>>> print(open('entry-v4.csv').read())   # CSV, C-alpha atoms
chain,number,residue,atom,x,y,z
A,23,LYS,CA,17.0,29.5,12.3
A,24,ILE,CA,16.8,26.5,14.5
A,25,MET,CA,19.9,24.9,13.1
A,26,VAL,CA,23.5,26.0,13.0
A,27,GLU,CA,26.4,24.6,10.9
A,28,GLU,CA,29.4,23.4,12.8
A,29,LYS,CA,32.5,21.4,11.9
A,30,ARG,CA,32.8,18.0,13.5
A,31,LYS,CA,36.5,17.3,13.7
A,32,ARG,CA,37.8,13.8,14.4
A,33,GLU,CA,41.4,12.6,14.5
A,34,ASN,CA,42.5,11.4,11.1
A,35,ASP,CA,39.2,12.2,9.5
A,36,THR,CA,37.9,14.7,7.0
A,37,PRO,CA,35.7,17.4,8.7
A,38,THR,CA,32.0,16.9,7.9
A,39,THR,CA,29.5,19.7,8.0
A,40,THR,CA,26.7,18.8,10.5
A,41,MET,CA,23.6,20.8,11.2
A,42,GLU,CA,22.3,20.5,14.7
A,43,PRO,CA,19.6,22.4,16.6
A,44,GLU,CA,20.6,25.6,18.4
A,45,ASN,CA,18.2,25.0,21.2
A,46,GLN,CA,19.6,21.9,22.9
A,47,LYS,CA,17.3,22.3,25.9
A,48,LYS,CA,14.1,21.7,23.9
A,49,LYS,CA,12.2,18.9,25.5
A,50,LEU,CA,11.5,16.1,23.1
A,51,ASN,CA,7.8,15.2,23.0
A,52,ASP,CA,7.5,11.6,24.0
A,53,ASP,CA,3.7,11.9,24.0
A,54,GLU,CA,3.8,12.7,20.3
A,55,GLN,CA,5.7,9.5,19.5
A,56,GLN,CA,3.2,7.5,21.7
A,57,ARG,CA,0.2,9.1,19.9
A,58,PHE,CA,1.6,8.1,16.5
A,59,MET,CA,2.1,4.5,17.7
A,60,ASP,CA,-1.7,4.2,18.3
A,61,GLU,CA,-3.1,6.5,15.6
A,62,ASP,CA,-1.0,5.5,12.6
A,63,PHE,CA,-1.8,2.2,10.9
A,64,VAL,CA,0.9,0.6,8.7
A,65,ILE,CA,0.2,-1.7,5.7
A,66,LEU,CA,0.6,-5.4,6.6
A,67,LEU,CA,2.0,-7.6,3.9
A,68,ASN,CA,3.1,-11.1,3.0
A,69,GLU,CA,6.7,-11.6,1.7
A,70,GLN,CA,5.5,-11.1,-1.9
A,71,ASP,CA,4.5,-7.5,-1.0
A,72,ASP,CA,0.7,-8.3,-1.2
A,73,ILE,CA,-1.4,-6.3,1.2
A,74,VAL,CA,-3.0,-8.6,3.9
A,75,GLY,CA,-4.3,-6.0,6.4
A,76,LYS,CA,-3.4,-3.1,8.6
A,77,ALA,CA,-2.1,-2.7,12.2
A,78,SER,CA,-1.1,0.1,14.5
A,79,LYS,CA,2.5,1.1,14.6
A,80,ARG,CA,2.5,-0.1,18.2
A,81,PHE,CA,1.3,-3.6,17.3
A,82,SER,CA,3.6,-3.9,14.3
A,83,HIS,CA,6.7,-2.9,16.2
A,84,LYS,CA,6.3,-5.2,19.2
A,85,MET,CA,8.8,-8.0,19.2
A,86,GLU,CA,6.3,-10.5,20.4
A,87,ASN,CA,4.2,-9.8,17.2
A,88,ILE,CA,7.3,-9.8,15.0
A,89,LYS,CA,8.4,-13.2,16.3
A,90,ALA,CA,4.9,-14.5,15.8
A,91,GLY,CA,5.0,-13.5,12.1
A,92,LYS,CA,2.1,-11.0,12.4
A,93,ALA,CA,3.9,-7.7,11.9
A,94,LEU,CA,5.5,-7.6,8.4
A,95,HIS,CA,4.7,-4.2,7.0
A,96,ARG,CA,5.6,-1.9,4.1
A,97,ALA,CA,8.3,0.8,4.6
A,98,PHE,CA,10.5,3.1,2.6
A,99,SER,CA,14.0,4.5,2.8
A,100,VAL,CA,14.7,7.8,1.0
A,101,PHE,CA,18.2,8.9,0.0
A,102,ILE,CA,18.6,12.5,-1.1
A,103,ILE,CA,21.8,13.2,-3.1
A,104,ASN,CA,22.7,16.8,-4.0
A,105,LYS,CA,24.3,18.3,-7.1
A,106,GLU,CA,27.7,17.9,-5.5
A,107,GLY,CA,27.1,14.1,-5.2
A,108,LYS,CA,26.7,14.2,-1.4
A,109,LEU,CA,24.1,12.2,0.6
A,110,LEU,CA,21.9,13.7,3.2
A,111,LEU,CA,22.0,11.8,6.5
A,112,GLN,CA,19.8,12.3,9.5
A,113,LYS,CA,20.3,11.4,13.1
A,114,ARG,CA,17.2,10.0,14.7
A,115,ALA,CA,15.8,11.8,17.7
A,116,ASP,CA,16.4,10.5,21.2
A,117,SER,CA,12.7,10.2,21.7
A,118,LYS,CA,12.2,7.7,18.9
A,119,ILE,CA,10.9,4.5,20.2
A,120,THR,CA,12.8,2.3,17.8
A,121,PHE,CA,16.5,2.9,17.1
A,122,PRO,CA,16.8,6.3,18.8
A,123,ALA,CA,19.9,8.5,18.4
A,124,MET,CA,21.2,6.5,15.4
A,125,TRP,CA,22.4,7.9,12.1
A,126,THR,CA,20.6,6.7,9.0
A,127,ASN,CA,19.5,7.7,5.5
A,128,THR,CA,17.6,10.9,4.7
A,129,CYS,CA,14.2,9.7,5.7
A,130,CYS,CA,12.9,6.3,6.8
A,131,SER,CA,9.2,5.7,7.5
A,132,HIS,CA,6.0,3.9,6.4
A,133,PRO,CA,3.2,4.5,4.0
A,134,LEU,CA,0.1,4.5,6.1
A,135,HIS,CA,-3.1,2.6,5.5
A,136,ASN,CA,-4.8,5.7,6.9
A,137,TYR,CA,-4.3,7.4,3.5
A,138,GLU,CA,-5.7,5.9,0.4
A,139,ASN,CA,-3.1,7.5,-1.8
A,140,GLU,CA,-0.3,5.7,0.1
A,141,ARG,CA,-1.5,2.1,-0.4
A,142,ASP,CA,-0.6,1.6,-4.1
A,143,GLY,CA,3.0,0.2,-4.3
A,144,ALA,CA,5.7,2.6,-5.4
A,145,LYS,CA,3.2,5.4,-6.1
A,146,GLY,CA,2.0,5.2,-2.5
A,147,ILE,CA,5.6,5.2,-1.4
A,148,PHE,CA,6.3,8.5,-3.3
A,149,ASN,CA,3.3,10.1,-1.7
A,150,ALA,CA,4.3,8.9,1.7
A,151,GLY,CA,7.9,10.1,1.1
A,152,GLN,CA,6.7,13.6,0.3
A,153,ARG,CA,4.5,13.7,3.4
A,154,LYS,CA,7.3,12.4,5.7
A,155,LEU,CA,10.1,14.7,4.3
A,156,GLU,CA,7.9,17.6,5.4
A,157,HIS,CA,7.0,16.0,8.8
A,158,GLU,CA,10.6,15.0,9.8
A,159,LEU,CA,12.9,17.5,8.0
A,160,GLY,CA,10.5,20.4,7.5
A,161,ILE,CA,10.9,20.4,3.7
A,162,PRO,CA,7.7,22.0,2.3
A,163,VAL,CA,5.7,19.6,0.2
A,164,LYS,CA,5.9,22.0,-2.7
A,165,GLN,CA,9.6,21.5,-2.8
A,166,ILE,CA,9.3,17.7,-3.3
A,167,ASP,CA,8.3,16.5,-6.7
A,168,VAL,CA,6.9,13.0,-6.5
A,169,ASN,CA,8.0,12.4,-10.1
A,170,ASN,CA,11.6,12.8,-9.0
A,171,PHE,CA,11.6,9.8,-6.7
A,172,HIS,CA,13.5,6.8,-8.2
A,173,PHE,CA,12.4,3.4,-6.8
A,174,MET,CA,15.4,1.2,-7.0
A,175,THR,CA,14.5,-2.1,-5.3
A,176,ARG,CA,13.0,-3.7,-2.2
A,177,ILE,CA,14.6,-5.4,0.7
A,178,LEU,CA,13.0,-7.7,3.4
A,179,TYR,CA,14.7,-7.5,6.9
A,180,GLN,CA,14.0,-8.0,10.5
A,181,ALA,CA,15.9,-6.3,13.3
A,182,PRO,CA,15.3,-6.0,17.1
A,183,ALA,CA,15.9,-2.6,18.7
A,184,ASN,CA,15.6,-4.2,22.2
A,185,ASP,CA,13.6,-6.9,23.9
A,186,GLU,CA,10.4,-5.1,23.4
A,187,TRP,CA,10.6,-3.2,20.1
A,188,GLY,CA,11.9,-3.9,16.6
A,189,GLU,CA,11.3,-3.8,12.9
A,190,HIS,CA,10.1,-6.4,10.3
A,191,GLU,CA,9.8,-4.5,7.1
A,192,LEU,CA,9.6,-4.8,3.4
A,193,ASP,CA,11.5,-1.7,2.6
A,194,TYR,CA,11.3,0.3,-0.7
A,195,CYS,CA,14.7,1.9,-1.5
A,196,VAL,CA,14.2,5.3,-3.1
A,197,ILE,CA,16.6,7.9,-4.4
A,198,TYR,CA,15.7,11.5,-4.7
A,199,PRO,CA,18.5,13.3,-6.8
A,200,LEU,CA,18.8,17.1,-6.7
A,201,HIS,CA,19.5,18.5,-10.1
A,202,ASP,CA,19.0,21.7,-12.2
A,203,LYS,CA,15.2,21.2,-12.4
A,204,VAL,CA,14.8,20.4,-8.7
A,205,PRO,CA,14.9,23.3,-6.1
A,206,GLU,CA,17.4,23.4,-3.3
A,207,LEU,CA,15.9,22.1,-0.1
A,208,ASP,CA,15.1,24.2,3.0
A,209,LEU,CA,16.6,22.4,6.0
A,210,ASN,CA,15.9,25.1,8.6
A,211,ASN,CA,12.9,23.5,10.2
A,212,LEU,CA,13.8,20.1,11.6
A,213,ASN,CA,11.2,18.4,13.6
A,214,LEU,CA,13.2,17.7,16.8
A,215,ASP,CA,10.8,15.0,17.9
A,216,GLU,CA,12.0,13.0,14.8
A,217,VAL,CA,15.4,14.3,13.9
A,218,SER,CA,18.2,15.7,16.0
A,219,ALA,CA,20.8,16.5,13.3
A,220,VAL,CA,21.5,16.2,9.6
A,221,GLN,CA,24.7,16.2,7.5
A,222,TRP,CA,25.8,16.0,3.9
A,223,VAL,CA,28.5,13.4,3.3
A,224,SER,CA,30.6,12.2,0.3
A,225,GLN,CA,31.2,8.5,-0.3
A,226,GLU,CA,34.6,8.6,1.3
A,227,GLU,CA,33.2,10.5,4.3
A,228,LEU,CA,30.5,7.9,4.8
A,229,LYS,CA,32.9,5.0,4.5
A,230,LYS,CA,35.1,6.5,7.3
A,231,GLN,CA,32.1,7.3,9.5
A,232,MET,CA,30.7,3.8,9.2
A,233,GLU,CA,34.1,2.4,10.4
A,234,ASP,CA,34.0,4.8,13.4
A,235,PRO,CA,33.0,2.8,16.5
A,236,LYS,CA,31.7,6.0,18.1
A,237,LEU,CA,29.0,6.4,15.5
A,238,VAL,CA,26.0,4.1,15.4
A,239,PHE,CA,23.9,3.5,12.2
A,240,THR,CA,20.5,1.9,11.8
A,241,PRO,CA,20.5,-1.8,10.7
A,242,TRP,CA,18.5,-1.2,7.5
A,243,PHE,CA,20.8,1.6,6.4
A,244,LYS,CA,23.9,-0.6,7.0
A,245,HIS,CA,22.3,-3.4,5.0
A,246,ILE,CA,21.3,-1.2,2.0
A,247,VAL,CA,24.6,0.5,1.9
A,248,LYS,CA,26.6,-2.7,2.0
A,249,ALA,CA,24.4,-4.5,-0.6
A,250,PHE,CA,23.5,-1.9,-3.1
A,251,PHE,CA,23.9,1.8,-2.4
A,252,TYR,CA,27.4,2.6,-3.4
A,253,LYS,CA,26.9,1.3,-6.9
A,254,TRP,CA,23.7,3.3,-7.2
A,255,TRP,CA,25.4,6.4,-5.8
A,256,THR,CA,28.3,6.0,-8.2
A,257,ALA,CA,26.0,5.5,-11.2
A,258,LEU,CA,24.1,8.7,-10.4
A,259,ASN,CA,27.3,10.7,-9.9
A,260,GLU,CA,28.8,9.4,-13.2
A,261,LYS,CA,25.8,9.2,-15.5
A,262,GLY,CA,23.0,11.1,-13.8
A,263,VAL,CA,19.4,9.9,-13.7
A,264,GLU,CA,20.0,7.5,-16.6
A,265,GLY,CA,22.7,5.8,-14.5
A,266,LEU,CA,20.1,5.1,-11.8
A,267,LYS,CA,17.7,3.6,-14.3
A,268,GLU,CA,20.3,1.0,-15.3
A,269,HIS,CA,20.0,-0.4,-11.7
A,270,TYR,CA,16.2,-0.5,-11.3
A,271,ASP,CA,15.1,-3.9,-9.9
A,272,HIS,CA,11.4,-3.7,-9.4
A,273,GLU,CA,10.7,-7.4,-9.5
A,274,THR,CA,12.9,-8.7,-6.7
A,275,VAL,CA,12.4,-8.6,-3.0
A,276,HIS,CA,16.0,-9.1,-1.7
>>> encode(input="entry-v4.csv", output="structure tokens")
Amino acid sequence: KIMVEEKRKRENDTPTTTMEPENQKKKLNDDEQQRFMDEDFVILLNEQDDIVGKASKRFSHKMENIKAGKALHRAFSVFIINKEGKLLLQKRADSKITFPAMWTNTCCSHPLHNYENERDGAKGIFNAGQRKLEHELGIPVKQIDVNNFHFMTRILYQAPANDEWGEHELDYCVIYPLHDKVPELDLNNLNLDEVSAVQWVSQEELKKQMEDPKLVFTPWFKHIVKAFFYKWWTALNEKGVEGLKEHYDHETVH
């Protein structure tokens, strides 16, 4: 195994199970991140979510292009919730070019213009989600059923990571609930160039962590959690998938 469970104990906090790589000396591959910046092409949009072109990840994440209004692109945020009602978080690798070493939702990425099956709205998002869950968390594609993704709504946000890099995304918020018909996930093969740790948290644990000044969370995750996520999470835990469907909002870009 490349991960080991350990208890993270903080004063006046509930211990949370965190899985971190055993081999802390593994060199993160910065060249891999640079290659993706040039070879992966995101889907450029207008604010109504209409496709207007494509651009490299490098171009679309440069603050100069974001400020010029040339870099809005489609993205997604996947939230996996298990049968115990806990959310799977990931910590972004130190080698990530934007928002490194921050905690965030299960998987955050982009559908790519490179792949025809990722260009079609929510269906494209589900295909991209399946691809990226394998790439980042090592979850085999066969374990991820694209029909089990639940598209909740879309948000539009802009956030600088530093003076050079940032995000300007139209982000599809997607929940993937684990239930009796969905297999348990294999989390023993994290891609350390993408993810440095993962943990399952309850609602109360997440609230405490987000109040902890020692922990840093990505801006899109904080926005989604504050605006929408707790009500979706509660609906799923109380009513199952039917509870999620009551909160679908596919028409609005928030």
>>> residues_around(input="entry-v4.csv", residues="Asp142 (chain A)", least_positions_apart="4", cutoff="12 Å", atoms="all atoms listed in the file", output="PyMOL selection string")
chain A and resi 65+71-73+96+133-135+137-138+146-150
>>> closest_residue(input="entry-v4.csv", among="A:His172, A:Arg153, A:Lys248, A:His132", to="His272 (chain A)", atoms="all atoms listed in the file")
A:His172
>>> closest_residue(input="entry-v4.csv", among="A:Lys113, A:Arg57, A:His190, A:Lys84", to="Ala97 (chain A)", atoms="only C-alpha atoms")
A:His190
>>> residues_around(input="entry-v4.csv", residues="region 228-245 of chain A", least_positions_apart="3", cutoff="6 Å", atoms="only C-alpha atoms", output="list in words")
Met124, Trp125, Thr126, Gln225 and Lys248 of chain A
>>> residues_around(input="entry-v4.csv", residues="Glu86 (chain A)", least_positions_apart="6", cutoff="12 Å", atoms="only C-alpha atoms", output="PyMOL selection string")
chain A and resi 80+92-93+182+184-190
>>> closest_residue(input="entry-v4.csv", among="A:Asn104, A:Val168, A:Phe81, A:Thr128", to="Asp202 (chain A)", atoms="only C-alpha atoms")
A:Asn104
>>> closest_residue(input="entry-v4.csv", among="A:His276, A:Lys267, A:Lys261, A:Lys76", to="Gly107 (chain A)", atoms="all atoms listed in the file")
A:Lys261
>>> atom_distance(input="entry-v4.csv", atom1="CA of Phe121 (chain A)", atom2="CA of Ser218 (chain A)")
13.0 Å
>>> atom_distance(input="entry-v4.csv", atom1="CA of Gln152 (chain A)", atom2="CA of His201 (chain A)")
17.2 Å
>>> closest_residue(input="entry-v4.csv", among="A:Ile88, A:Phe173, A:Leu209, A:Asn136", to="Gly75 (chain A)", atoms="only C-alpha atoms")
A:Asn136
>>> closest_residue(input="entry-v4.csv", among="A:Val204, A:Ile197, A:Val74, A:Ala144", to="Trp255 (chain A)", atoms="all atoms listed in the file")
A:Ile197
>>> residues_near_point(input="entry-v4.csv", point="(21.8, 1.6, -10.0)", cutoff="10 Å", atoms="all atoms listed in the file", output="MDAnalysis selection string")
chainID A and resid 172 174:175 197 250:258 263:271
>>> atom_distance(input="entry-v4.csv", atom1="CA of Ala115 (chain A)", atom2="CA of Leu66 (chain A)")
25.5 Å
>>> decode(input="entry-v4.csv", residues="region 165-202 of chain A", atoms="N, CA and C atoms", output="PDB file, in the first residue's frame")
ATOM      1  N   GLN A 165     -14.927   1.157 -11.453  1.00  0.00           N
ATOM      2  CA  GLN A 165     -15.615   1.371 -10.177  1.00  0.00           C
ATOM      3  C   GLN A 165     -16.507   2.607 -10.200  1.00  0.00           C
ATOM      4  N   ILE A 166     -16.376   3.455 -11.210  1.00  0.00           N
ATOM      5  CA  ILE A 166     -17.134   4.703 -11.264  1.00  0.00           C
ATOM      6  C   ILE A 166     -18.211   4.600 -12.332  1.00  0.00           C
ATOM      7  N   ASP A 167     -19.456   4.607 -11.905  1.00  0.00           N
ATOM      8  CA  ASP A 167     -20.610   4.534 -12.796  1.00  0.00           C
ATOM      9  C   ASP A 167     -21.040   5.955 -13.158  1.00  0.00           C
ATOM     10  N   VAL A 168     -20.916   6.325 -14.442  1.00  0.00           N
ATOM     11  CA  VAL A 168     -21.256   7.695 -14.827  1.00  0.00           C
ATOM     12  C   VAL A 168     -22.721   8.008 -14.557  1.00  0.00           C
ATOM     13  N   ASN A 169     -23.565   6.983 -14.472  1.00  0.00           N
ATOM     14  CA  ASN A 169     -24.988   7.205 -14.195  1.00  0.00           C
ATOM     15  C   ASN A 169     -25.261   7.516 -12.724  1.00  0.00           C
ATOM     16  N   ASN A 170     -24.233   7.409 -11.885  1.00  0.00           N
ATOM     17  CA  ASN A 170     -24.404   7.695 -10.458  1.00  0.00           C
ATOM     18  C   ASN A 170     -23.960   9.110 -10.096  1.00  0.00           C
ATOM     19  N   PHE A 171     -23.464   9.870 -11.064  1.00  0.00           N
ATOM     20  CA  PHE A 171     -23.150  11.274 -10.822  1.00  0.00           C
ATOM     21  C   PHE A 171     -24.454  12.078 -10.777  1.00  0.00           C
ATOM     22  N   HIS A 172     -24.543  13.003  -9.837  1.00  0.00           N
ATOM     23  CA  HIS A 172     -25.721  13.869  -9.723  1.00  0.00           C
ATOM     24  C   HIS A 172     -25.283  15.320  -9.892  1.00  0.00           C
ATOM     25  N   PHE A 173     -25.639  15.884 -11.027  1.00  0.00           N
ATOM     26  CA  PHE A 173     -25.350  17.284 -11.333  1.00  0.00           C
ATOM     27  C   PHE A 173     -26.326  18.148 -10.554  1.00  0.00           C
ATOM     28  N   MET A 174     -25.786  18.989  -9.655  1.00  0.00           N
ATOM     29  CA  MET A 174     -26.632  19.787  -8.772  1.00  0.00           C
ATOM     30  C   MET A 174     -26.900  21.183  -9.339  1.00  0.00           C
ATOM     31  N   THR A 175     -25.824  21.914  -9.617  1.00  0.00           N
ATOM     32  CA  THR A 175     -25.971  23.263 -10.174  1.00  0.00           C
ATOM     33  C   THR A 175     -24.623  23.710 -10.705  1.00  0.00           C
ATOM     34  N   ARG A 176     -24.538  24.956 -11.168  1.00  0.00           N
ATOM     35  CA  ARG A 176     -23.291  25.537 -11.681  1.00  0.00           C
ATOM     36  C   ARG A 176     -23.004  26.854 -10.954  1.00  0.00           C
ATOM     37  N   ILE A 177     -21.704  27.109 -10.742  1.00  0.00           N
ATOM     38  CA  ILE A 177     -21.296  28.394 -10.168  1.00  0.00           C
ATOM     39  C   ILE A 177     -20.277  29.043 -11.106  1.00  0.00           C
ATOM     40  N   LEU A 178     -20.226  30.353 -11.058  1.00  0.00           N
ATOM     41  CA  LEU A 178     -19.240  31.123 -11.816  1.00  0.00           C
ATOM     42  C   LEU A 178     -18.365  31.849 -10.803  1.00  0.00           C
ATOM     43  N   TYR A 179     -17.059  31.639 -10.859  1.00  0.00           N
ATOM     44  CA  TYR A 179     -16.188  32.297  -9.889  1.00  0.00           C
ATOM     45  C   TYR A 179     -14.839  32.622 -10.515  1.00  0.00           C
ATOM     46  N   GLN A 180     -14.152  33.549  -9.901  1.00  0.00           N
ATOM     47  CA  GLN A 180     -12.795  33.939 -10.293  1.00  0.00           C
ATOM     48  C   GLN A 180     -11.961  34.055  -9.031  1.00  0.00           C
ATOM     49  N   ALA A 181     -10.754  33.488  -9.060  1.00  0.00           N
ATOM     50  CA  ALA A 181      -9.913  33.515  -7.856  1.00  0.00           C
ATOM     51  C   ALA A 181      -8.439  33.488  -8.253  1.00  0.00           C
ATOM     52  N   PRO A 182      -7.664  34.477  -7.820  1.00  0.00           N
ATOM     53  CA  PRO A 182      -6.220  34.433  -8.069  1.00  0.00           C
ATOM     54  C   PRO A 182      -5.528  33.499  -7.082  1.00  0.00           C
ATOM     55  N   ALA A 183      -4.580  32.701  -7.568  1.00  0.00           N
ATOM     56  CA  ALA A 183      -3.755  31.887  -6.685  1.00  0.00           C
ATOM     57  C   ALA A 183      -2.530  32.683  -6.238  1.00  0.00           C
ATOM     58  N   ASN A 184      -2.028  33.514  -7.140  1.00  0.00           N
ATOM     59  CA  ASN A 184      -0.932  34.438  -6.866  1.00  0.00           C
ATOM     60  C   ASN A 184      -0.946  35.475  -7.989  1.00  0.00           C
ATOM     61  N   ASP A 185       0.108  36.230  -8.147  1.00  0.00           N
ATOM     62  CA  ASP A 185       0.113  37.270  -9.177  1.00  0.00           C
ATOM     63  C   ASP A 185       0.117  36.701 -10.586  1.00  0.00           C
ATOM     64  N   GLU A 186       0.606  35.478 -10.738  1.00  0.00           N
ATOM     65  CA  GLU A 186       0.756  34.894 -12.080  1.00  0.00           C
ATOM     66  C   GLU A 186      -0.375  33.956 -12.474  1.00  0.00           C
ATOM     67  N   TRP A 187      -0.867  33.178 -11.504  1.00  0.00           N
ATOM     68  CA  TRP A 187      -1.810  32.103 -11.802  1.00  0.00           C
ATOM     69  C   TRP A 187      -3.130  32.303 -11.070  1.00  0.00           C
ATOM     70  N   GLY A 188      -4.213  31.726 -11.656  1.00  0.00           N
ATOM     71  CA  GLY A 188      -5.513  31.805 -11.005  1.00  0.00           C
ATOM     72  C   GLY A 188      -6.540  30.957 -11.720  1.00  0.00           C
ATOM     73  N   GLU A 189      -7.790  31.135 -11.321  1.00  0.00           N
ATOM     74  CA  GLU A 189      -8.915  30.406 -11.907  1.00  0.00           C
ATOM     75  C   GLU A 189     -10.014  31.372 -12.311  1.00  0.00           C
ATOM     76  N   HIS A 190     -10.641  31.099 -13.442  1.00  0.00           N
ATOM     77  CA  HIS A 190     -11.898  31.736 -13.830  1.00  0.00           C
ATOM     78  C   HIS A 190     -12.728  30.636 -14.469  1.00  0.00           C
ATOM     79  N   GLU A 191     -13.656  30.110 -13.671  1.00  0.00           N
ATOM     80  CA  GLU A 191     -14.328  28.878 -14.064  1.00  0.00           C
ATOM     81  C   GLU A 191     -15.849  28.974 -13.948  1.00  0.00           C
ATOM     82  N   LEU A 192     -16.493  28.261 -14.843  1.00  0.00           N
ATOM     83  CA  LEU A 192     -17.905  27.928 -14.698  1.00  0.00           C
ATOM     84  C   LEU A 192     -17.913  26.467 -14.264  1.00  0.00           C
ATOM     85  N   ASP A 193     -18.223  26.283 -12.979  1.00  0.00           N
ATOM     86  CA  ASP A 193     -17.964  25.025 -12.286  1.00  0.00           C
ATOM     87  C   ASP A 193     -19.259  24.235 -12.079  1.00  0.00           C
ATOM     88  N   TYR A 194     -19.295  23.002 -12.601  1.00  0.00           N
ATOM     89  CA  TYR A 194     -20.413  22.086 -12.385  1.00  0.00           C
ATOM     90  C   TYR A 194     -20.213  21.380 -11.043  1.00  0.00           C
ATOM     91  N   CYS A 195     -21.180  21.502 -10.162  1.00  0.00           N
ATOM     92  CA  CYS A 195     -21.129  20.855  -8.851  1.00  0.00           C
ATOM     93  C   CYS A 195     -21.813  19.498  -8.942  1.00  0.00           C
ATOM     94  N   VAL A 196     -21.084  18.443  -8.625  1.00  0.00           N
ATOM     95  CA  VAL A 196     -21.549  17.076  -8.872  1.00  0.00           C
ATOM     96  C   VAL A 196     -21.347  16.234  -7.611  1.00  0.00           C
ATOM     97  N   ILE A 197     -22.384  15.511  -7.217  1.00  0.00           N
ATOM     98  CA  ILE A 197     -22.300  14.603  -6.070  1.00  0.00           C
ATOM     99  C   ILE A 197     -22.322  13.165  -6.561  1.00  0.00           C
ATOM    100  N   TYR A 198     -21.438  12.350  -5.981  1.00  0.00           N
ATOM    101  CA  TYR A 198     -21.386  10.922  -6.287  1.00  0.00           C
ATOM    102  C   TYR A 198     -21.616  10.165  -4.977  1.00  0.00           C
ATOM    103  N   PRO A 199     -22.864   9.703  -4.728  1.00  0.00           N
ATOM    104  CA  PRO A 199     -23.147   9.002  -3.469  1.00  0.00           C
ATOM    105  C   PRO A 199     -22.812   7.514  -3.558  1.00  0.00           C
ATOM    106  N   LEU A 200     -22.188   6.997  -2.525  1.00  0.00           N
ATOM    107  CA  LEU A 200     -21.960   5.560  -2.432  1.00  0.00           C
ATOM    108  C   LEU A 200     -23.165   4.920  -1.748  1.00  0.00           C
ATOM    109  N   HIS A 201     -23.717   3.902  -2.351  1.00  0.00           N
ATOM    110  CA  HIS A 201     -24.869   3.208  -1.772  1.00  0.00           C
ATOM    111  C   HIS A 201     -24.773   1.731  -2.115  1.00  0.00           C
ATOM    112  N   ASP A 202     -25.796   0.963  -1.814  1.00  0.00           N
ATOM    113  CA  ASP A 202     -25.708  -0.498  -1.911  1.00  0.00           C
ATOM    114  C   ASP A 202     -25.377  -0.992  -3.319  1.00  0.00           C
TER     115      ASP A 202
END
